[in-house]
Amino acid sequence: STHSDSYLFELLNQHSLDLLVIPGEYKELKNFKVEKLFDVEYSFAYKKEKFTIEETNLQEIFNKYPILLPPKASRLRVALEKKLTELNITSNPIMELETTGMMTTFIKEGTGIGYIPNKVAIKEGFNLINIDTELPTTTVSLIYDEDAITNSSRTFIDTIKKNKKGLKTYRLRKFKRTNGGTCINQRPIVVKGEKVKAGDVIADGPSTDKGEMA
């Protein structure tokens, strides 16, 4: 979300939201239960077709290439600026972007070098810049009112507690064109709440039926 934390917490107070999964480490909040989920590592990344970067000194990189950063008011930017101040490095971004999605888009377009989660950068095929200093991470927290959540949200929370790394998402292919001009579709063959184990088939493809060749 691009909304401020105070607005999101107000929605939580009004029970317009069941829970928040939000960047930031909150030690204690009145009326809410807070649980740390995981840390997100960040790096500066770029599209290799747009830039060739061999420098490892962050100030040299900032001086030579266009930089994309999170907004000044964000926790991530505050932590980053604190680190840069410790290193006597000054930043002058050409653009400040609200979300990781926006950052990803502008990096793809070659607008500049962006500060982005490592996992997102690797997934998108961006090059990570190897610099000579360790950059701040972001903690992701789960915040909710234990006495006011719905059953579905409680199931979500229970699942996260069982696996502190969060939920595993498997994206099915829908309406993908083949070389022969036909269409590939994948259909889930498991239902919400069903227990599966490693090796179980969870979706059918264009030539399978309940996990077996059709």
# chains A, B, ... in the order shown; residues from 1 in each chain; ligands from 1
>>> closest_atom_pairs(of="stretch 26-74 of chain A", to="stretch 132-142 of chain A", cutoff="10 Å", atoms="only C-alpha atoms", output="tab-separated table")
residue	atom	partner	partner_atom	distance
A:Tyr26	CA	A:Ser141	CA	7.2
A:Lys27	CA	A:Ser141	CA	9.8
A:Phe32	CA	A:Leu142	CA	9.9
A:Lys33	CA	A:Leu142	CA	8.1
A:Val34	CA	A:Leu142	CA	5.8
A:Glu35	CA	A:Leu142	CA	5.1
A:Lys36	CA	A:Ser141	CA	4.5
A:Leu37	CA	A:Ser141	CA	5.4
A:Phe38	CA	A:Val140	CA	5.6
A:Asp39	CA	A:Thr139	CA	4.4
A:Val40	CA	A:Thr138	CA	5.1
A:Glu41	CA	A:Thr137	CA	4.7
A:Tyr42	CA	A:Thr137	CA	6.0
A:Ser43	CA	A:Leu135	CA	7.1
A:Phe44	CA	A:Leu135	CA	9.3
A:Glu55	CA	A:Asp132	CA	9.7
A:Thr56	CA	A:Asp132	CA	5.9
A:Asn57	CA	A:Asp132	CA	6.2
A:Leu58	CA	A:Asp132	CA	7.5
>>> residues_around(residues="A:Glu212", least_positions_apart="3", cutoff="12 Å", atoms="only C-alpha atoms", output="JSON, numbers by chain")
{"A": [189, 200, 201, 202, 203, 204, 205, 206, 207, 208, 209]}
>>> closest_residue(among="A:Thr104, A:Ser6, A:Lys82, A:Asn13", to="A:Ile149", atoms="only C-alpha atoms")
A:Asn13
>>> select_by_dssp(residues="stretch 61-212 of chain A", states="helix (DSSP H, G or I)", output="PyMOL selection string")
chain A and resi 61-64+75-86+100-108+118-124+151-162
>>> closest_residue(among="A:Lys30, A:Lys48, A:His15, A:Lys210", to="A:Leu128", atoms="only C-alpha atoms")
A:Lys48
>>> select_by_dssp(residues="stretch 51-139 of chain A", states="strand (DSSP E or B)", output="ChimeraX atom specification")
/A:67-69,95-96,113-117,127-128,137-139
>>> write_last_selection(atoms="all heavy atoms", output="mmCIF file, in the first residue's frame")
data_model
loop_
_atom_site.group_PDB
_atom_site.id
_atom_site.type_symbol
_atom_site.label_atom_id
_atom_site.label_comp_id
_atom_site.auth_asym_id
_atom_site.auth_seq_id
_atom_site.Cartn_x
_atom_site.Cartn_y
_atom_site.Cartn_z
ATOM 1 N N ILE A 67 20.184 7.506 -9.994
ATOM 2 C CA ILE A 67 19.795 6.679 -8.851
ATOM 3 C C ILE A 67 18.303 6.827 -8.550
ATOM 4 O O ILE A 67 17.764 7.932 -8.547
ATOM 5 C CB ILE A 67 20.618 7.055 -7.597
ATOM 6 C CG1 ILE A 67 22.117 6.930 -7.877
ATOM 7 C CG2 ILE A 67 20.221 6.181 -6.411
ATOM 8 C CD1 ILE A 67 22.582 5.532 -8.222
ATOM 9 N N LEU A 68 17.657 5.691 -8.275
ATOM 10 C CA LEU A 68 16.254 5.654 -7.882
ATOM 11 C C LEU A 68 16.170 5.179 -6.438
ATOM 12 O O LEU A 68 16.741 4.151 -6.089
ATOM 13 C CB LEU A 68 15.470 4.686 -8.774
ATOM 14 C CG LEU A 68 15.674 4.810 -10.293
ATOM 15 C CD1 LEU A 68 15.007 3.644 -11.013
ATOM 16 C CD2 LEU A 68 15.126 6.134 -10.784
ATOM 17 N N LEU A 69 15.459 5.933 -5.596
ATOM 18 C CA LEU A 69 15.373 5.594 -4.171
ATOM 19 C C LEU A 69 13.932 5.625 -3.683
ATOM 20 O O LEU A 69 13.062 6.231 -4.322
ATOM 21 C CB LEU A 69 16.210 6.573 -3.348
ATOM 22 C CG LEU A 69 17.730 6.536 -3.509
ATOM 23 C CD1 LEU A 69 18.372 7.581 -2.614
ATOM 24 C CD2 LEU A 69 18.303 5.160 -3.209
ATOM 25 N N MET A 95 14.861 10.288 -8.948
ATOM 26 C CA MET A 95 13.454 9.956 -8.767
ATOM 27 C C MET A 95 13.257 9.202 -7.457
ATOM 28 O O MET A 95 14.123 8.449 -7.047
ATOM 29 C CB MET A 95 12.983 9.087 -9.939
ATOM 30 C CG MET A 95 11.483 9.014 -10.124
ATOM 31 S SD MET A 95 11.075 8.054 -11.615
ATOM 32 C CE MET A 95 11.685 9.168 -12.888
ATOM 33 N N GLU A 96 12.107 9.464 -6.781
ATOM 34 C CA GLU A 96 11.738 8.734 -5.583
ATOM 35 C C GLU A 96 10.456 7.955 -5.886
ATOM 36 O O GLU A 96 9.472 8.530 -6.340
ATOM 37 C CB GLU A 96 11.532 9.687 -4.406
ATOM 38 C CG GLU A 96 12.812 10.403 -4.002
ATOM 39 C CD GLU A 96 12.607 11.328 -2.811
ATOM 40 O OE1 GLU A 96 11.441 11.526 -2.417
ATOM 41 O OE2 GLU A 96 13.604 11.832 -2.278
ATOM 42 N N ILE A 113 19.440 3.185 -11.574
ATOM 43 C CA ILE A 113 19.804 2.092 -10.674
ATOM 44 C C ILE A 113 18.918 2.201 -9.441
ATOM 45 O O ILE A 113 18.849 3.257 -8.806
ATOM 46 C CB ILE A 113 21.283 2.198 -10.276
ATOM 47 C CG1 ILE A 113 22.152 2.054 -11.533
ATOM 48 C CG2 ILE A 113 21.663 1.153 -9.252
ATOM 49 C CD1 ILE A 113 23.560 2.508 -11.333
ATOM 50 N N GLY A 114 18.219 1.129 -9.102
ATOM 51 C CA GLY A 114 17.249 1.193 -8.024
ATOM 52 C C GLY A 114 17.636 0.408 -6.788
ATOM 53 O O GLY A 114 18.379 -0.567 -6.860
ATOM 54 N N TYR A 115 17.106 0.852 -5.652
ATOM 55 C CA TYR A 115 17.299 0.168 -4.376
ATOM 56 C C TYR A 115 16.105 -0.759 -4.186
ATOM 57 O O TYR A 115 14.976 -0.306 -3.995
ATOM 58 C CB TYR A 115 17.388 1.204 -3.253
ATOM 59 C CG TYR A 115 17.919 0.660 -1.950
ATOM 60 C CD1 TYR A 115 19.148 0.009 -1.903
ATOM 61 C CD2 TYR A 115 17.216 0.821 -0.760
ATOM 62 C CE1 TYR A 115 19.650 -0.477 -0.705
ATOM 63 C CE2 TYR A 115 17.722 0.351 0.438
ATOM 64 C CZ TYR A 115 18.931 -0.301 0.457
ATOM 65 O OH TYR A 115 19.432 -0.778 1.654
ATOM 66 N N ILE A 116 16.336 -2.067 -4.228
ATOM 67 C CA ILE A 116 15.251 -3.020 -4.381
ATOM 68 C C ILE A 116 15.576 -4.303 -3.616
ATOM 69 O O ILE A 116 16.751 -4.630 -3.424
ATOM 70 C CB ILE A 116 15.046 -3.306 -5.895
ATOM 71 C CG1 ILE A 116 13.750 -4.041 -6.186
ATOM 72 C CG2 ILE A 116 16.227 -4.062 -6.482
ATOM 73 C CD1 ILE A 116 13.410 -4.077 -7.661
ATOM 74 N N PRO A 117 14.551 -5.055 -3.161
ATOM 75 C CA PRO A 117 14.833 -6.322 -2.476
ATOM 76 C C PRO A 117 15.628 -7.277 -3.362
ATOM 77 O O PRO A 117 15.357 -7.400 -4.565
ATOM 78 C CB PRO A 117 13.434 -6.879 -2.187
ATOM 79 C CG PRO A 117 12.550 -5.687 -2.121
ATOM 80 C CD PRO A 117 13.107 -4.732 -3.124
ATOM 81 N N ASN A 127 20.949 -7.131 -12.499
ATOM 82 C CA ASN A 127 22.295 -7.303 -11.945
ATOM 83 C C ASN A 127 22.379 -6.598 -10.599
ATOM 84 O O ASN A 127 22.009 -5.426 -10.484
ATOM 85 C CB ASN A 127 23.354 -6.727 -12.884
ATOM 86 C CG ASN A 127 23.729 -7.688 -13.987
ATOM 87 O OD1 ASN A 127 22.965 -8.571 -14.326
ATOM 88 N ND2 ASN A 127 24.916 -7.525 -14.546
ATOM 89 N N LEU A 128 22.881 -7.303 -9.580
ATOM 90 C CA LEU A 128 23.118 -6.685 -8.275
ATOM 91 C C LEU A 128 24.500 -6.056 -8.272
ATOM 92 O O LEU A 128 25.460 -6.644 -8.771
ATOM 93 C CB LEU A 128 23.014 -7.726 -7.158
ATOM 94 C CG LEU A 128 21.669 -8.446 -6.992
ATOM 95 C CD1 LEU A 128 21.742 -9.425 -5.839
ATOM 96 C CD2 LEU A 128 20.548 -7.449 -6.769
ATOM 97 N N THR A 137 18.703 -3.673 6.075
ATOM 98 C CA THR A 137 17.606 -4.582 5.736
ATOM 99 C C THR A 137 16.305 -3.996 6.283
ATOM 100 O O THR A 137 16.320 -3.054 7.076
ATOM 101 C CB THR A 137 17.827 -5.980 6.342
ATOM 102 O OG1 THR A 137 17.881 -5.849 7.771
ATOM 103 C CG2 THR A 137 19.115 -6.598 5.835
ATOM 104 N N THR A 138 15.194 -4.552 5.859
ATOM 105 C CA THR A 138 13.893 -4.129 6.367
ATOM 106 C C THR A 138 13.214 -5.308 7.047
ATOM 107 O O THR A 138 13.188 -6.409 6.498
ATOM 108 C CB THR A 138 12.988 -3.620 5.228
ATOM 109 O OG1 THR A 138 13.540 -2.430 4.697
ATOM 110 C CG2 THR A 138 11.593 -3.318 5.730
ATOM 111 N N THR A 139 12.682 -5.076 8.215
ATOM 112 C CA THR A 139 11.917 -6.101 8.920
ATOM 113 C C THR A 139 10.452 -6.000 8.510
ATOM 114 O O THR A 139 9.901 -4.908 8.414
ATOM 115 C CB THR A 139 12.041 -5.913 10.443
ATOM 116 O OG1 THR A 139 13.395 -6.124 10.839
ATOM 117 C CG2 THR A 139 11.152 -6.901 11.189
#
>>> closest_residue(among="A:Lys197, A:Glu10, A:Ile89, A:Val190", to="A:Gly211", atoms="only C-alpha atoms")
A:Val190
>>> atom_distance(atom1="atom CA of A:Asn118", atom2="atom CA of A:Tyr7")
28.3 Å
>>> closest_residue(among="A:Ile53, A:Leu76, A:Cys183, A:Ala214", to="A:Ile22", atoms="only C-alpha atoms")
A:Leu76
>>> atom_distance(atom1="atom CA of A:Glu146", atom2="atom CA of A:Leu8")
16.9 Å
>>> atom_distance(atom1="atom CA of A:Glu194", atom2="atom CA of A:Thr155")
12.4 Å
>>> closest_residue(among="A:Glu98, A:Glu28, A:Asp18, A:Asp158", to="A:Lys72", atoms="only C-alpha atoms")
A:Glu98
